[in-house]
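The file input.pdb contains PDB, C-alpha atoms, pLDDT in the B column:
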```pdb
ATOM      1  CA  MET A   1     -38.418  -6.771  45.395  1.00 91.00           C
ATOM      2  CA  LEU A   2     -36.666  -4.226  43.154  1.00 90.00           C
ATOM      3  CA  ILE A   3     -35.088  -1.279  44.911  1.00 89.00           C
ATOM      4  CA  ASN A   4     -33.532   1.803  43.334  1.00 82.00           C
ATOM      5  CA  ILE A   5     -30.430   3.018  45.178  1.00 78.00           C
ATOM      6  CA  GLY A   6     -29.338   6.474  44.044  1.00 71.00           C
ATOM      7  CA  PRO A   7     -28.457   8.397  42.138  1.00 64.00           C
ATOM      8  CA  GLN A   8     -26.327   9.807  44.885  1.00 62.00           C
ATOM      9  CA  HIS A   9     -25.717  13.525  45.161  1.00 59.00           C
ATOM     10  CA  PRO A  10     -23.339  14.788  42.428  1.00 54.00           C
ATOM     11  CA  ALA A  11     -20.923  16.090  45.079  1.00 56.00           C
ATOM     12  CA  THR A  12     -20.142  12.533  46.196  1.00 56.00           C
ATOM     13  CA  HIS A  13     -17.258  10.549  44.753  1.00 55.00           C
ATOM     14  CA  GLY A  14     -18.833   9.988  41.386  1.00 56.00           C
ATOM     15  CA  THR A  15     -22.515   9.654  40.856  1.00 67.00           C
ATOM     16  CA  LEU A  16     -23.863   6.147  41.028  1.00 72.00           C
ATOM     17  CA  ARG A  17     -27.213   4.473  40.551  1.00 77.00           C
ATOM     18  CA  ILE A  18     -27.850   0.844  41.483  1.00 83.00           C
ATOM     19  CA  ILE A  19     -30.997  -1.127  40.713  1.00 87.00           C
ATOM     20  CA  ALA A  20     -30.968  -4.043  43.126  1.00 91.00           C
ATOM     21  CA  ARG A  21     -33.209  -7.123  43.232  1.00 94.00           C
ATOM     22  CA  LEU A  22     -33.743  -8.409  46.752  1.00 94.00           C
ATOM     23  CA  ASP A  23     -34.885 -11.776  48.033  1.00 94.00           C
ATOM     24  CA  GLY A  24     -35.809 -10.874  51.567  1.00 91.00           C
ATOM     25  CA  GLU A  25     -32.722  -9.081  52.887  1.00 89.00           C
ATOM     26  CA  GLN A  26     -30.322 -10.660  50.405  1.00 93.00           C
ATOM     27  CA  VAL A  27     -29.280  -8.886  47.207  1.00 92.00           C
ATOM     28  CA  VAL A  28     -29.570 -11.447  44.407  1.00 95.00           C
ATOM     29  CA  TRP A  29     -28.945  -9.166  41.404  1.00 94.00           C
ATOM     30  CA  ALA A  30     -27.744  -5.609  40.810  1.00 92.00           C
ATOM     31  CA  ASP A  31     -27.442  -3.391  37.760  1.00 90.00           C
ATOM     32  CA  VAL A  32     -24.873  -0.669  38.343  1.00 84.00           C
ATOM     33  CA  ALA A  33     -25.057   2.583  36.349  1.00 76.00           C
ATOM     34  CA  PRO A  34     -21.898   4.608  37.117  1.00 71.00           C
ATOM     35  CA  GLY A  35     -21.905   8.269  36.154  1.00 64.00           C
ATOM     36  CA  TYR A  36     -25.682   8.485  36.285  1.00 57.00           C
ATOM     37  CA  MET A  37     -26.851  12.021  36.932  1.00 60.00           C
ATOM     38  CA  HIS A  38     -30.099  13.722  36.085  1.00 61.00           C
ATOM     39  CA  ARG A  39     -31.029  17.188  37.228  1.00 66.00           C
ATOM     40  CA  GLY A  40     -33.592  18.055  34.596  1.00 74.00           C
ATOM     41  CA  TYR A  41     -31.313  20.267  32.495  1.00 79.00           C
ATOM     42  CA  GLU A  42     -32.711  18.776  29.319  1.00 78.00           C
ATOM     43  CA  LYS A  43     -36.216  20.022  30.165  1.00 82.00           C
ATOM     44  CA  LEU A  44     -34.939  23.385  31.417  1.00 86.00           C
ATOM     45  CA  THR A  45     -33.146  24.065  28.126  1.00 87.00           C
ATOM     46  CA  GLU A  46     -36.209  23.338  25.975  1.00 89.00           C
ATOM     47  CA  VAL A  47     -37.754  26.722  26.780  1.00 91.00           C
ATOM     48  CA  ARG A  48     -34.623  28.886  26.787  1.00 92.00           C
ATOM     49  CA  THR A  49     -32.439  30.603  24.214  1.00 91.00           C
ATOM     50  CA  TYR A  50     -28.790  29.612  23.744  1.00 89.00           C
ATOM     51  CA  PRO A  51     -27.487  32.542  25.846  1.00 88.00           C
ATOM     52  CA  GLN A  52     -29.873  31.576  28.666  1.00 89.00           C
ATOM     53  CA  VAL A  53     -28.703  27.963  28.553  1.00 89.00           C
ATOM     54  CA  THR A  54     -25.100  29.048  29.199  1.00 87.00           C
ATOM     55  CA  THR A  55     -26.004  29.951  32.780  1.00 84.00           C
ATOM     56  CA  LEU A  56     -27.313  26.428  33.331  1.00 85.00           C
ATOM     57  CA  ILE A  57     -24.691  24.425  31.505  1.00 85.00           C
ATOM     58  CA  ASN A  58     -21.737  25.304  33.734  1.00 78.00           C
ATOM     59  CA  ARG A  59     -23.651  24.089  36.791  1.00 78.00           C
ATOM     60  CA  ILE A  60     -23.670  20.483  35.583  1.00 76.00           C
ATOM     61  CA  ASP A  61     -20.114  19.991  36.871  1.00 74.00           C
ATOM     62  CA  TRP A  62     -19.435  22.560  39.549  1.00 72.00           C
ATOM     63  CA  LEU A  63     -15.792  21.471  39.834  1.00 77.00           C
ATOM     64  CA  GLY A  64     -15.028  22.241  36.195  1.00 78.00           C
ATOM     65  CA  SER A  65     -17.575  24.717  34.899  1.00 78.00           C
ATOM     66  CA  PHE A  66     -15.624  25.713  31.791  1.00 84.00           C
ATOM     67  CA  ALA A  67     -15.481  22.044  30.834  1.00 83.00           C
ATOM     68  CA  ASN A  68     -19.178  22.370  30.011  1.00 84.00           C
ATOM     69  CA  GLU A  69     -19.491  26.044  29.108  1.00 88.00           C
ATOM     70  CA  VAL A  70     -16.838  26.150  26.373  1.00 91.00           C
ATOM     71  CA  PRO A  71     -18.000  23.076  24.406  1.00 91.00           C
ATOM     72  CA  PHE A  72     -21.603  24.298  24.571  1.00 91.00           C
ATOM     73  CA  ILE A  73     -20.641  27.726  23.218  1.00 94.00           C
ATOM     74  CA  LEU A  74     -18.473  26.154  20.511  1.00 94.00           C
ATOM     75  CA  ALA A  75     -21.387  23.927  19.445  1.00 94.00           C
ATOM     76  CA  ALA A  76     -23.771  26.907  19.356  1.00 93.00           C
ATOM     77  CA  GLU A  77     -21.262  28.902  17.303  1.00 96.00           C
ATOM     78  CA  GLN A  78     -20.837  26.020  14.885  1.00 96.00           C
ATOM     79  CA  LEU A  79     -24.610  25.730  14.454  1.00 94.00           C
ATOM     80  CA  MET A  80     -24.820  29.468  13.765  1.00 95.00           C
ATOM     81  CA  ASP A  81     -21.687  29.569  11.580  1.00 97.00           C
ATOM     82  CA  ILE A  82     -20.047  32.121  13.907  1.00 96.00           C
ATOM     83  CA  GLU A  83     -16.364  32.263  14.793  1.00 96.00           C
ATOM     84  CA  ALA A  84     -15.082  34.068  17.857  1.00 97.00           C
ATOM     85  CA  PRO A  85     -12.068  36.382  17.467  1.00 97.00           C
ATOM     86  CA  PRO A  86      -8.683  34.695  18.041  1.00 97.00           C
ATOM     87  CA  ARG A  87      -8.109  36.533  21.348  1.00 97.00           C
ATOM     88  CA  ALA A  88     -11.427  35.239  22.704  1.00 97.00           C
ATOM     89  CA  GLN A  89     -10.484  31.730  21.611  1.00 96.00           C
ATOM     90  CA  TRP A  90      -7.164  31.979  23.466  1.00 96.00           C
ATOM     91  CA  ILE A  91      -8.793  33.340  26.619  1.00 96.00           C
ATOM     92  CA  ARG A  92     -11.399  30.560  26.512  1.00 95.00           C
ATOM     93  CA  THR A  93      -8.642  27.995  26.256  1.00 94.00           C
ATOM     94  CA  ILE A  94      -6.698  29.512  29.165  1.00 94.00           C
ATOM     95  CA  LEU A  95      -9.772  29.595  31.423  1.00 93.00           C
ATOM     96  CA  PHE A  96     -10.777  26.092  30.342  1.00 93.00           C
ATOM     97  CA  GLU A  97      -7.332  24.800  31.284  1.00 93.00           C
ATOM     98  CA  LEU A  98      -7.340  26.675  34.602  1.00 93.00           C
ATOM     99  CA  SER A  99     -10.685  25.094  35.417  1.00 91.00           C
ATOM    100  CA  ARG A 100      -9.253  21.699  34.510  1.00 90.00           C
ATOM    101  CA  ILE A 101      -6.181  22.300  36.694  1.00 91.00           C
ATOM    102  CA  ALA A 102      -8.392  23.247  39.664  1.00 90.00           C
ATOM    103  CA  ASN A 103     -10.370  20.047  39.124  1.00 89.00           C
ATOM    104  CA  ILE A 104      -7.282  17.815  38.848  1.00 89.00           C
ATOM    105  CA  VAL A 105      -5.598  19.384  41.881  1.00 89.00           C
ATOM    106  CA  LEU A 106      -8.687  18.644  43.955  1.00 88.00           C
ATOM    107  CA  PHE A 107      -8.807  15.090  42.596  1.00 88.00           C
ATOM    108  CA  LEU A 108      -5.168  14.493  43.571  1.00 89.00           C
ATOM    109  CA  GLY A 109      -5.750  15.851  47.065  1.00 89.00           C
ATOM    110  CA  ASP A 110      -8.811  13.672  47.501  1.00 86.00           C
ATOM    111  CA  LEU A 111      -6.906  10.674  46.171  1.00 88.00           C
ATOM    112  CA  GLY A 112      -4.516  11.121  49.085  1.00 87.00           C
ATOM    113  CA  VAL A 113      -7.470  11.063  51.493  1.00 87.00           C
ATOM    114  CA  GLN A 114      -8.759   7.855  49.901  1.00 83.00           C
ATOM    115  CA  LEU A 115      -5.318   6.307  50.447  1.00 87.00           C
ATOM    116  CA  GLY A 116      -5.205   7.404  54.084  1.00 88.00           C
ATOM    117  CA  ALA A 117      -3.209  10.645  53.878  1.00 90.00           C
ATOM    118  CA  VAL A 118      -5.066  13.836  54.761  1.00 91.00           C
ATOM    119  CA  THR A 119      -2.260  16.377  54.272  1.00 91.00           C
ATOM    120  CA  PRO A 120      -2.434  16.353  50.432  1.00 89.00           C
ATOM    121  CA  ALA A 121      -6.072  17.480  50.628  1.00 91.00           C
ATOM    122  CA  PHE A 122      -5.044  20.627  52.498  1.00 93.00           C
ATOM    123  CA  PHE A 123      -2.394  21.420  49.871  1.00 90.00           C
ATOM    124  CA  ALA A 124      -4.950  20.724  47.138  1.00 91.00           C
ATOM    125  CA  PHE A 125      -7.564  23.059  48.597  1.00 92.00           C
ATOM    126  CA  ARG A 126      -4.909  25.753  49.022  1.00 92.00           C
ATOM    127  CA  ASP A 127      -3.755  25.508  45.415  1.00 91.00           C
ATOM    128  CA  ARG A 128      -7.286  25.202  44.103  1.00 92.00           C
ATOM    129  CA  GLU A 129      -8.064  28.502  45.836  1.00 93.00           C
ATOM    130  CA  TYR A 130      -5.179  30.137  43.960  1.00 93.00           C
ATOM    131  CA  VAL A 131      -6.642  28.950  40.654  1.00 93.00           C
ATOM    132  CA  LEU A 132     -10.235  29.856  41.555  1.00 93.00           C
ATOM    133  CA  ASN A 133      -9.048  33.348  42.500  1.00 94.00           C
ATOM    134  CA  LEU A 134      -7.641  33.690  38.976  1.00 94.00           C
ATOM    135  CA  ILE A 135     -10.913  32.534  37.418  1.00 94.00           C
ATOM    136  CA  GLU A 136     -12.862  34.914  39.629  1.00 94.00           C
ATOM    137  CA  GLY A 137     -10.496  37.771  38.780  1.00 95.00           C
ATOM    138  CA  ALA A 138     -11.156  37.295  35.071  1.00 95.00           C
ATOM    139  CA  THR A 139     -14.841  36.378  35.092  1.00 93.00           C
ATOM    140  CA  GLY A 140     -16.340  37.618  38.340  1.00 91.00           C
ATOM    141  CA  GLY A 141     -17.438  34.097  39.319  1.00 88.00           C
ATOM    142  CA  ARG A 142     -15.639  31.222  41.014  1.00 84.00           C
ATOM    143  CA  PHE A 143     -17.849  28.220  40.275  1.00 81.00           C
ATOM    144  CA  HIS A 144     -20.402  29.474  37.735  1.00 85.00           C
ATOM    145  CA  PRO A 145     -18.613  32.127  35.694  1.00 87.00           C
ATOM    146  CA  ASN A 146     -21.062  32.458  32.768  1.00 89.00           C
ATOM    147  CA  PHE A 147     -18.241  34.227  30.931  1.00 93.00           C
ATOM    148  CA  ASP A 148     -18.425  32.786  27.431  1.00 93.00           C
ATOM    149  CA  ARG A 149     -20.724  34.364  24.891  1.00 94.00           C
ATOM    150  CA  ILE A 150     -21.685  33.218  21.424  1.00 94.00           C
ATOM    151  CA  GLY A 151     -19.147  34.992  19.252  1.00 95.00           C
ATOM    152  CA  GLY A 152     -16.799  35.965  22.071  1.00 95.00           C
ATOM    153  CA  LEU A 153     -16.571  36.636  25.781  1.00 95.00           C
ATOM    154  CA  LYS A 154     -18.274  38.818  28.366  1.00 94.00           C
ATOM    155  CA  ASP A 155     -15.142  40.928  29.001  1.00 93.00           C
ATOM    156  CA  ASP A 156     -11.437  41.101  28.289  1.00 95.00           C
ATOM    157  CA  LEU A 157      -8.873  40.038  30.876  1.00 95.00           C
ATOM    158  CA  PRO A 158      -8.125  42.577  33.626  1.00 95.00           C
ATOM    159  CA  LYS A 159      -4.780  44.368  33.705  1.00 95.00           C
ATOM    160  CA  GLY A 160      -2.027  42.270  35.300  1.00 95.00           C
ATOM    161  CA  TRP A 161      -4.033  39.041  35.103  1.00 96.00           C
ATOM    162  CA  LEU A 162      -1.588  37.180  32.841  1.00 94.00           C
ATOM    163  CA  ALA A 163       1.382  37.997  35.118  1.00 95.00           C
ATOM    164  CA  GLU A 164      -0.596  36.821  38.156  1.00 95.00           C
ATOM    165  CA  THR A 165      -1.515  33.626  36.302  1.00 95.00           C
ATOM    166  CA  LYS A 166       2.158  32.860  35.628  1.00 93.00           C
ATOM    167  CA  ASN A 167       2.911  33.449  39.304  1.00 93.00           C
ATOM    168  CA  VAL A 168       0.103  31.149  40.477  1.00 91.00           C
ATOM    169  CA  MET A 169       1.046  28.399  38.042  1.00 91.00           C
ATOM    170  CA  GLY A 170       4.562  28.493  39.519  1.00 89.00           C
ATOM    171  CA  LYS A 171       3.076  27.936  42.994  1.00 85.00           C
ATOM    172  CA  VAL A 172       0.900  25.060  41.775  1.00 83.00           C
ATOM    173  CA  ALA A 173       3.839  23.455  39.958  1.00 83.00           C
ATOM    174  CA  ARG A 174       5.896  23.569  43.167  1.00 77.00           C
ATOM    175  CA  PHE A 175       3.069  21.661  44.915  1.00 63.00           C
ATOM    176  CA  CYS A 176       3.318  18.952  42.265  1.00 63.00           C
ATOM    177  CA  ASP A 177       7.056  18.674  42.913  1.00 65.00           C
ATOM    178  CA  GLU A 178       6.577  18.212  46.693  1.00 60.00           C
TER     179      GLU A 178
END
```

Translate this structure into structure tokens?
Amino acid sequence: MLINIGPQHPATHGTLRIIARLDGEQVVWADVAPGYMHRGYEKLTEVRTYPQVTTLINRIDWLGSFANEVPFILAAEQLMDIEAPPRAQWIRTILFELSRIANIVLFLGDLGVQLGAVTPAFFAFRDREYVLNLIEGATGGRFHPNFDRIGGLKDDLPKGWLAETKNVMGKVARFCDE
């Protein structure tokens, strides 16, 4: 008998699909497909415009939304031969990196849990909240910001945001030194 195990929910520790061949209750063969994830985004995007797709694309990886949103926008701009202003490019890069930092901090905290130490996870969630507050302050959204636009951004950064970002990065760096 062939049995399909997975894909598991994307919020688990990496998505995984296993096709197993059973002989009674014994597994005699298995084909493992790590990273397998399908939510139907390909079909959803077939009937939408590029700006409408942006709202979907950052939901593929809810831990690092800008990791999907920025490359998609850059690809759309390249197809349309459009270049965003330099300030928009810098802001995109900053938000992309903040999203990446939030993702890595959570990974490091979870790594501690996997090794038997729970305390790092609490520090990680604390510091991730600092970073998500920055992202929300700039974009209005924590997980699905939908901030990038073809040719630029939805808004400029709010007053005082850069100073707050420097402050938060100091807090996060201290966590890494602990």

(request) Using the chain letters and numbers from the file, give me the residues hit by the PyMOL selection byres ((chain A and resi 42-53) around 10), as a ChimeraX atom specification. (result) /A:38-41,54-58,69,72-73,76-77,146,148-150

(message) Which residues, named as in the file, does the PyMOL selection byres ((chain A and resi 113-127) around 12) pick out? Answer as a count of residues only.
(response) 31

(message) Could you list, as number ranges by chain, every residue within 8 Å of Trp29 of chain A, counting all atoms listed in the file and ignoring same-chain residues fewer than 6 positions away?
(response) A: 20-22

Padding of 3 Å on every side, edges along x, y and z, all listed atoms of segment 38-49 of chain A included: what centre and edge lengths in Å, to one decimal, does that box have, as AutoDock Vina command-line options?
```
--center_x -33.9 --center_y 22.2 --center_z 30.7 --size_x 13.7 --size_y 22.9 --size_z 19.0
```

(request) For the file shown, report as a list of chain:residue names the outcome of the PyMOL selection byres ((chain A and resi 1) around 12) at residue level. (result)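 Matching residues under the PyMOL selection byres ((chain A and resi 1) around 12) are A:Leu2, A:Ile3, A:Asn4, A:Ile19, A:Ala20, A:Arg21, A:Leu22, A:Asp23, A:Gly24, A:Glu25, A:Gln26, A:Val27, A:Val28, A:Trp29, A:Ala30.
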
(request) Counting only C-alpha atoms, figure out which residue out of A:Ser99, A:Asn68, A:Thr93, A:Gln78 gets nearest to Arg142 of chain A. (result) A:Ser99

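Relative to atom CA of Ala75 of chain A, atom CA of Trp161 of chain A is found at 27.8 Å.
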
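The space between atom CA of Leu157 of chain A and atom CA of Phe66 of chain A spans 15.9 Å.
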
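Straight-line separation from atom CA of Ala88 of chain A to atom CA of Gly152 of chain A: 5.5 Å.
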
(request) Between A:Asn167, A:Leu16, A:Asp31, A:Glu97, single out the one closest to Gly64 of chain A, counting only C-alpha atoms. (result) A:Glu97

(request) Kindly indicate which residue among A:Pro145, A:Ile135, A:Pro34, A:Leu153 lies nearest to Glu83 of chain A, using all atoms listed in the file for the distances. (result)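 Result for the nearest residue to Glu83 of chain A: A:Leu153.
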
(message) Within 6 Å of (-30.2, 3.1, 42.0) (file coordinates; all atoms listed in the file), which protein or nucleic acid residues are there? I'd like them as a PyMOL selection string.
(response) chain A and resi 4-7+17-19
